[in-house]
Every structure is written in structure tokens, then in C-alpha cells.
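> Before we start, here is the structure in question, set down as C-alpha cells.
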Amino acid sequence: MSAPIRPARGMRDFLPHDVRRRDYVIRVVEDVYRRYGFQPLETPALENIETLTGKYGEEGNKLIFKVLRRGEGETSGETDLALRYDLTVPLARVVAEHRGALPKFFKRYQIQPVWRADRPARGRFREFYQCDVDAIGSASMVVEAELCAAVADVLQRLGFRDFVIRVNHRLVLAGLLDHAGVPPALHGAALVALDKLDKVGPDGVGNELQARGIDRPAVEALLPLFAGRMELGELGRLLATRPEAAAAVAGLEKLFALSGSTSAGPYLRFDASLARGLSYYTGAIMEIAVPDLAGSLGGGGRYDGLIGMFLGQDIPACGFSLGLERILVVMTERGMFPADVDTGGADVLVTQFDDGESAEEALGLARDLREAGVRVDVYPEPDKLGKQFKYAAAAGVRHVAIMGGDERARGVVTVKDMTSGQQRAVPRAGIGQWFSAGAAHQELAPSGSEDQE
RNA sequence: GUGGGUGUAGCUCAGCGGUAGAGCGCCGGACUGUGGCUCCGGAAGUCGCGGGUUCGAACCCCGUCAUCCACCCCA
């Protein structure tokens with residue numbers, strides 16, 4: 001039996017076309033993140049297993065890719081390392097370790113792959129990129145406002161107009177559950193059920209709540225709190241006697257007020273049914289929704305206790321993560337990529353003839369063009385001209401430079417624009433400058449007449 | 001992890017017990033220094049894999065793997 005030809009389950013190869021599109025999105029993300037003053041960070045793919053376990057909740061724990069200990073572990077099954085599950089926990093570890101070397105307020109971005117042993121589905125892979133921004137050291141709502149603004153900027157720059165940033169607060173949720181009489185031990189179970197309100201409706205959520213062990217009076221008290229799409233103000237009055245929850249409501253009101261002066265303002269929406277699965281969130285939680293994707297484009301929240309799990313002393317922190325693969329799925333389906341992202345890897349193809357001198361001439365021409373900053377591909381062997389044109393067209397190379405016996409005798413290069421079909425003779429001596437000056441695009445642009453000689 | 005669909009040529013798919021097919025792409029030619037248009041010709045498939053039923057299986061049955069969709073969960 002031959003070796004498998006496909007990558008491992010949930011993993012993918014990226015062909016040049018894919019890489020170009022990924023790079024385009026990453027470049028936009030990176031550019032926006034930098035404008036907000038975030039600094040780059042990279043961490044190892046592998047972490048010690050204790051670093052990751054117990055940080056993500058029960059579901060998350062199961063999805064961690066574990067690595068057998070080298071040597072004995074291969075027979076005993078013992079694991080000591082794991083592939084990172086997200087970029088937030090590694091950041092918390094780094095902050096704990098390098099606390100003294102980092103500024104009082106540390107803002108970092110990180111664009112790297114993470115791994116989850118999930119079942120693959122549309123927009124879900126076992127290896128995928130996250131684009132994280134996190135701000136460490138401040139409990140101010142200004143942090144949340146800036147994070148929301150940054151991701152809103154990214155999505156708008158990429159051409160998204162119809163996304164919604166759903167916002168909620170862990171302490172608001174806790175307050176509502178307390179108010180309805182759900183015992184604290186069942187808060188997690190209740191949140192999982194409530195998170196489905198959009199999909200299964202109030203009756204469905206009610207059934208699931210009871211199935212999860214929440215008694216009928218609590219369910220009946222709980223459902224109206226969520227089904228009515230309560231406004232923040234109303235919620236504040238309802239939770240006025242619960243100081244923590246009331247403060248959380250006030251915090252969200254502050255976030256909305258602050259966001260009035262950022263690009264996130266029009267996209268923010270309070271949603272009491274947003275829960276989010278990761279267990280380390282302690283405050284505001286956010287998630288980005290678009291109509292044509294069941295999952296989210298990204299999510300985030302405040303996690304004031306996570307760094308303390310490494311350091312023994314809490315440091316406030318808040319972050320937002322964009323899912324590169326999710327963004328790419330939607331952009332691909334909607335055709336949102338600019339045309340130039342999909343152009344080939346070269347600007348010019350230099351042809352070759354079977355006349356003895358052509359190879360040296362072709363390489364020399366390529367060198368001069370490359371020195372002028374032009375991306376050049378040289379057809380590697382003598383062939384019929386038609387084949388060479390066909391190759392250029394298939395490879396997405398716009399110009400073909402022909403230098404055969406005729407051209408050499410005249411000291412020129414024939415340059416053909418594959419998009420318009422037009423061609424002209426350009427002096428060999430000035431060819432590099434002619435290209436880098438953009439003359440190729442201007443003078444050979446489509447003008448109605450085809451194939452002028 | 002649960003339920004369902006689909007695996008046939010490079011790609012999209014037809015065939016659904018009786019000789020393996022089409023379109024597109026690819027290669028060659030008409031066109032010996034010009035791609036796209038047209039015409040002619042050609043190559044190409046253990047019909048996902050393993051077993052079973054049958055005189056005979058791409059087709060029916062069982063298993064398995066892959067993939068897609070809906071749940072679950074998430075980026």
C-alpha cells in the first residue's frame with residue numbers, strides 16, 4: 001500500500017493561490033493592529049501540557065492535541081506537551097514570565113496557527129490561524145472599546161459591512177441566573193442552553209434547560225429575561241440590588257458610550273443570550289456574527305483571572321481574536337478579493353528560441369529586468385512560441401518579452417501584453433527602466449485595437 | 001460525539017445488475033516567431049478501499065476510509 005497522498009485530517013496544504021489570499025488578509029489585519037499600537041509576539045507551537053489543561057473548560061480540555069513523551073511515553077501513552085489551543089493562554093504565560101520586562105500596559109498582536117482536535121466542518125479545521133489582539137494591565141472599558149474598534153476596522157478594510165459585534169458580560173449573565181434562582185453550580189449548564197436561543201427559540205431552550213437539571217420555576221423565571229431582547233437600561237433596573245451585576249451593566253453602557261466615537265459603534269449590539277464557551281472570561285464578552293456563517297468570525301472578552309493562574313497575582317487583561325479561516329471562507333464565497341491578489345508570481349515571461357544564443361540572451365534580459373525591480377520568469381527550454389504564450393497565460397503572467405534573432409539584430413525586445421494582445425518593440429538597452437517606469441502598463445493597455453504590429 | 005448525503009478520467013458529473021461515458025481541461029495537428037476563437041485527432045479511470053451475494057457488480061448487501069450538510073461545540 002502506498003503512503004497517503006492527503007494531509008492529515010483537518011489539516012491543509014496551501015497552494016500559491018491560497019497563500020496569496022491568506023497573505024492579503026493577514027497584511028490588512030497586521031496593518032490595522034499596528035495602527036492601534038499593538039506589538040508583535042510569537043510563541044512556540046508546543047506548550048507544557050500543564051500550561052494548557054484546566055484553562056478552557058471541560059469541552060476545551062478534550063480538544064487539546066497532546067504529544068506523547070519521547071521514549072517511554074510511546075508505550076505508556078504518557079503525554080507531557082501539547083499543541084497550543086489558542087493564543088491567549090500562551091500570552092498569559094509570557095506575561096507572567098516576563099512581567100518585569102514588559103511595560104505597565106502591554107498591548108500585543110499575534111498571528112499564528114493553533115490546533116484543536118475537533119471534527120472538521122465548513123470553516124473549521126484542526127489547524128487554523130488566529131489573529132489575536134490583547135491589552136494587558138488595565139481594567140478600563142477603554143480597552144474593550146479599542147479592541148472592538150480594531151477588529152471592526154479590519155473587517156471594514158476587508159470589505160465587510162454586514163457584521164454584528166454581539167456584546168454581553170459574564171457578571172450580567174451570573175446576575176440574571178441568580179435572579180431567576182438557578183443555583184451557581186448549574187450556571188454553566190444554563191449558559192450552554194441559553195446560547196442557543198437564536199437557533200432553537202424559547203421553547204427549545206426551555207426544554208434543554210430542564211433536561212440539564214434546572215427546575216421548572218427557575219426556567220420560567222429565566223426565559224422572559226432573555227426572550228424579550230431586554231435593553232441595557234431595563235436590565236440595570238432589574239439587577240439594581242445585585243452590586244456586581246449592576247456594575248457590569250454600567251460597564252457595558254460605558255462601552256457603548258465610548259464606542260460612539262470609534263469605528264465599532266454602528267456594529268455593536270448588546271445580546272443577553274451571548275455566553276461563549278471558554279471558561280477564563282470574567283467580564284465583557286464579544287463575538288462577531290455574519291449572516292452567512294453559522295459560527296463566528298471572531299470573539300473575545302475580558303479575563304482578569306487568567307494571568308493570576310500563572311503568576312499568583314491577578315493582572316487585568318482583555319483580548320479579541322479573529323479567525324482567519326472563517327474570514328477567508330466568507331470572502332471566498334462572496335468574491336471579496338481584489339483582482340490583483342490573484343495575479344501570478346511574475347510580471348514578465350522571457351521566451352527562449354532554439355538558436356544557440358537564446359538562453360544566454362534570455363538570462364541576461366531577465367537579470368536586467370530583475371535589477372529594475374520587475375518580477376521575471378524565464379521559460380526554461382526552447383519551445384514553440386505558441387506554447388510559451390500559452391504557459392504565460394496559464395501562469396497569470398501579463399507580459400511576454402520576446403528576443404529572437406530579429407530582435408537581437410535590431411537591438412530591441414518585443415513586449416506583448418497578454419491582456420490586450422498588443423505588442424511593441426522596446427530598445428533592449430532601456431528595457432528595465434521602461435518597465436519600472438510603468439510604461440508597459442500605460443502603453444500597452446487595452447485600447448480597442450487588437451494585435452497591432 | 002449524533003444523524004443524513006456523496007465518493008466513477010485532472011475537474012464537474014451521467015450511468016444504478018449485462019462491453020466504462022459526456023462536457024470542460026490536457027496533449028498533438030490545421031497555424032515551422034504569437035495564447036484566447038474554430039475544426040480534426042489523441043491520451044487518459046484497480047468506478048474510494050476490503051469483503052459478501054450473483055453465471056455476471058460501478059450498480060445490491062456488510063464493513064471501512066474520505067468528504068459534504070445538519071446537530072454539538074467553536075475561530
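Every chain in the C-alpha cells has a letter given in the order shown (A, B, ...), and although residue numbers restart at 1 in each chain, ligands are simply numbered from 1 in the order shown.
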Can you list, as a PyMOL selection string, every protein, DNA or RNA residue that comes within 12 Å of G35 of chain B when you count only C-alpha atoms (C1' of nucleotides), leaving out same-chain residues fewer than 3 positions away?
chain A and resi 384-400+416-421
> Give me, as a list in words, the contact residues of chain B against chain A at a cut-off of 7 Å, counting only C-alpha atoms (C1' of nucleotides).
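Every residue meeting the condition is included here: G33, U34, G35 and A75 of chain B.
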> Quick one: everything within 10 Å of Arg20 of chain A, counting only C-alpha atoms (C1' of nucleotides), minus sequence neighbours fewer than 5 positions away in the same chain. Send it as a ChimeraX atom specification.
/A:14-15,25-26,340-345
> Atoms to include: all heavy atoms. Write the selected residues as a PDB file, in the first residue's frame.

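And here is the file that came out, result11.pdb:
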ATOM      1  N   PHE A  14      -1.506  24.662   1.381  1.00  0.00           N
ATOM      2  CA  PHE A  14      -1.916  25.911   0.748  1.00  0.00           C
ATOM      3  C   PHE A  14      -1.121  26.097  -0.529  1.00  0.00           C
ATOM      4  O   PHE A  14       0.094  26.286  -0.489  1.00  0.00           O
ATOM      5  CB  PHE A  14      -1.703  27.087   1.694  1.00  0.00           C
ATOM      6  CG  PHE A  14      -2.482  26.953   2.980  1.00  0.00           C
ATOM      7  CD1 PHE A  14      -1.833  26.828   4.188  1.00  0.00           C
ATOM      8  CD2 PHE A  14      -3.868  26.936   2.960  1.00  0.00           C
ATOM      9  CE1 PHE A  14      -2.550  26.698   5.370  1.00  0.00           C
ATOM     10  CE2 PHE A  14      -4.604  26.799   4.131  1.00  0.00           C
ATOM     11  CZ  PHE A  14      -3.944  26.676   5.338  1.00  0.00           C
ATOM     12  N   LEU A  15      -1.796  26.049  -1.669  1.00  0.00           N
ATOM     13  CA  LEU A  15      -1.141  26.287  -2.951  1.00  0.00           C
ATOM     14  C   LEU A  15      -0.921  27.797  -3.106  1.00  0.00           C
ATOM     15  O   LEU A  15      -1.497  28.579  -2.362  1.00  0.00           O
ATOM     16  CB  LEU A  15      -2.010  25.718  -4.075  1.00  0.00           C
ATOM     17  CG  LEU A  15      -2.166  24.193  -3.989  1.00  0.00           C
ATOM     18  CD1 LEU A  15      -3.023  23.656  -5.142  1.00  0.00           C
ATOM     19  CD2 LEU A  15      -0.809  23.494  -3.985  1.00  0.00           C
ATOM     20  N   VAL A  25      -5.075  38.967   3.540  1.00  0.00           N
ATOM     21  CA  VAL A  25      -5.871  39.220   4.738  1.00  0.00           C
ATOM     22  C   VAL A  25      -4.967  39.491   5.937  1.00  0.00           C
ATOM     23  O   VAL A  25      -5.181  40.440   6.698  1.00  0.00           O
ATOM     24  CB  VAL A  25      -6.813  38.025   5.036  1.00  0.00           C
ATOM     25  CG1 VAL A  25      -7.527  38.223   6.378  1.00  0.00           C
ATOM     26  CG2 VAL A  25      -7.826  37.854   3.909  1.00  0.00           C
ATOM     27  N   ILE A  26      -3.920  38.679   6.068  1.00  0.00           N
ATOM     28  CA  ILE A  26      -3.016  38.852   7.209  1.00  0.00           C
ATOM     29  C   ILE A  26      -2.378  40.242   7.182  1.00  0.00           C
ATOM     30  O   ILE A  26      -2.227  40.895   8.206  1.00  0.00           O
ATOM     31  CB  ILE A  26      -1.931  37.750   7.201  1.00  0.00           C
ATOM     32  CG1 ILE A  26      -2.561  36.416   7.617  1.00  0.00           C
ATOM     33  CG2 ILE A  26      -0.780  38.105   8.138  1.00  0.00           C
ATOM     34  CD1 ILE A  26      -1.637  35.213   7.482  1.00  0.00           C
ATOM     35  N   ASP A 340      -6.050  41.995  -8.087  1.00  0.00           N
ATOM     36  CA  ASP A 340      -4.593  41.864  -8.151  1.00  0.00           C
ATOM     37  C   ASP A 340      -4.048  40.854  -7.147  1.00  0.00           C
ATOM     38  O   ASP A 340      -2.907  40.431  -7.251  1.00  0.00           O
ATOM     39  CB  ASP A 340      -3.914  43.228  -7.961  1.00  0.00           C
ATOM     40  CG  ASP A 340      -4.197  43.810  -6.584  1.00  0.00           C
ATOM     41  OD1 ASP A 340      -5.271  43.517  -6.041  1.00  0.00           O
ATOM     42  OD2 ASP A 340      -3.349  44.545  -6.063  1.00  0.00           O
ATOM     43  N   VAL A 341      -4.877  40.430  -6.184  1.00  0.00           N
ATOM     44  CA  VAL A 341      -4.426  39.403  -5.245  1.00  0.00           C
ATOM     45  C   VAL A 341      -4.204  38.081  -5.973  1.00  0.00           C
ATOM     46  O   VAL A 341      -3.336  37.291  -5.604  1.00  0.00           O
ATOM     47  CB  VAL A 341      -5.464  39.220  -4.109  1.00  0.00           C
ATOM     48  CG1 VAL A 341      -5.104  38.032  -3.229  1.00  0.00           C
ATOM     49  CG2 VAL A 341      -5.561  40.481  -3.264  1.00  0.00           C
ATOM     50  N   ASP A 342      -4.994  37.855  -7.003  1.00  0.00           N
ATOM     51  CA  ASP A 342      -4.950  36.565  -7.689  1.00  0.00           C
ATOM     52  C   ASP A 342      -4.032  36.551  -8.912  1.00  0.00           C
ATOM     53  O   ASP A 342      -4.019  35.594  -9.669  1.00  0.00           O
ATOM     54  CB  ASP A 342      -6.362  36.157  -8.121  1.00  0.00           C
ATOM     55  CG  ASP A 342      -7.213  35.780  -6.912  1.00  0.00           C
ATOM     56  OD1 ASP A 342      -6.643  35.279  -5.936  1.00  0.00           O
ATOM     57  OD2 ASP A 342      -8.429  35.993  -6.955  1.00  0.00           O
ATOM     58  N   THR A 343      -3.265  37.635  -9.135  1.00  0.00           N
ATOM     59  CA  THR A 343      -2.374  37.616 -10.296  1.00  0.00           C
ATOM     60  C   THR A 343      -1.177  36.715 -10.024  1.00  0.00           C
ATOM     61  O   THR A 343      -0.884  36.384  -8.895  1.00  0.00           O
ATOM     62  CB  THR A 343      -1.870  39.034 -10.644  1.00  0.00           C
ATOM     63  OG1 THR A 343      -1.220  39.551  -9.493  1.00  0.00           O
ATOM     64  CG2 THR A 343      -3.024  39.920 -11.049  1.00  0.00           C
ATOM     65  N   GLY A 344      -0.484  36.366 -11.103  1.00  0.00           N
ATOM     66  CA  GLY A 344       0.578  35.372 -10.997  1.00  0.00           C
ATOM     67  C   GLY A 344       1.814  35.872 -10.259  1.00  0.00           C
ATOM     68  O   GLY A 344       1.859  36.981  -9.745  1.00  0.00           O
ATOM     69  N   GLY A 345       2.822  35.008 -10.245  1.00  0.00           N
ATOM     70  CA  GLY A 345       4.015  35.318  -9.480  1.00  0.00           C
ATOM     71  C   GLY A 345       5.058  36.107 -10.248  1.00  0.00           C
ATOM     72  O   GLY A 345       6.125  36.393  -9.720  1.00  0.00           O
TER      73      GLY A 345
END
> Find the distance between atom CA of Val172 of chain A and atom CA of Leu252 of chain A and write it in Å to one decimal.
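Between these atoms lies a distance of 9.5 Å.
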> Based on the backbone DSSP call, show me all residues of segment 67-301 of chain A assigned strand (DSSP E or B), as a VMD selection string.
chain A and resid 67 to 68 79 to 83 106 to 115 121 124 127 to 136 164 to 169 268 to 270 284 to 289 298 to 301
> Using only C-alpha atoms (C1' of nucleotides), determine which residues lie at most 12 Å from U54 of chain B, disregarding the query and same-chain residues fewer than 6 positions distant; provide the list as a list in words.
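Final neighbour list, sorted by chain and number: G17, C60 and C61 of chain B.
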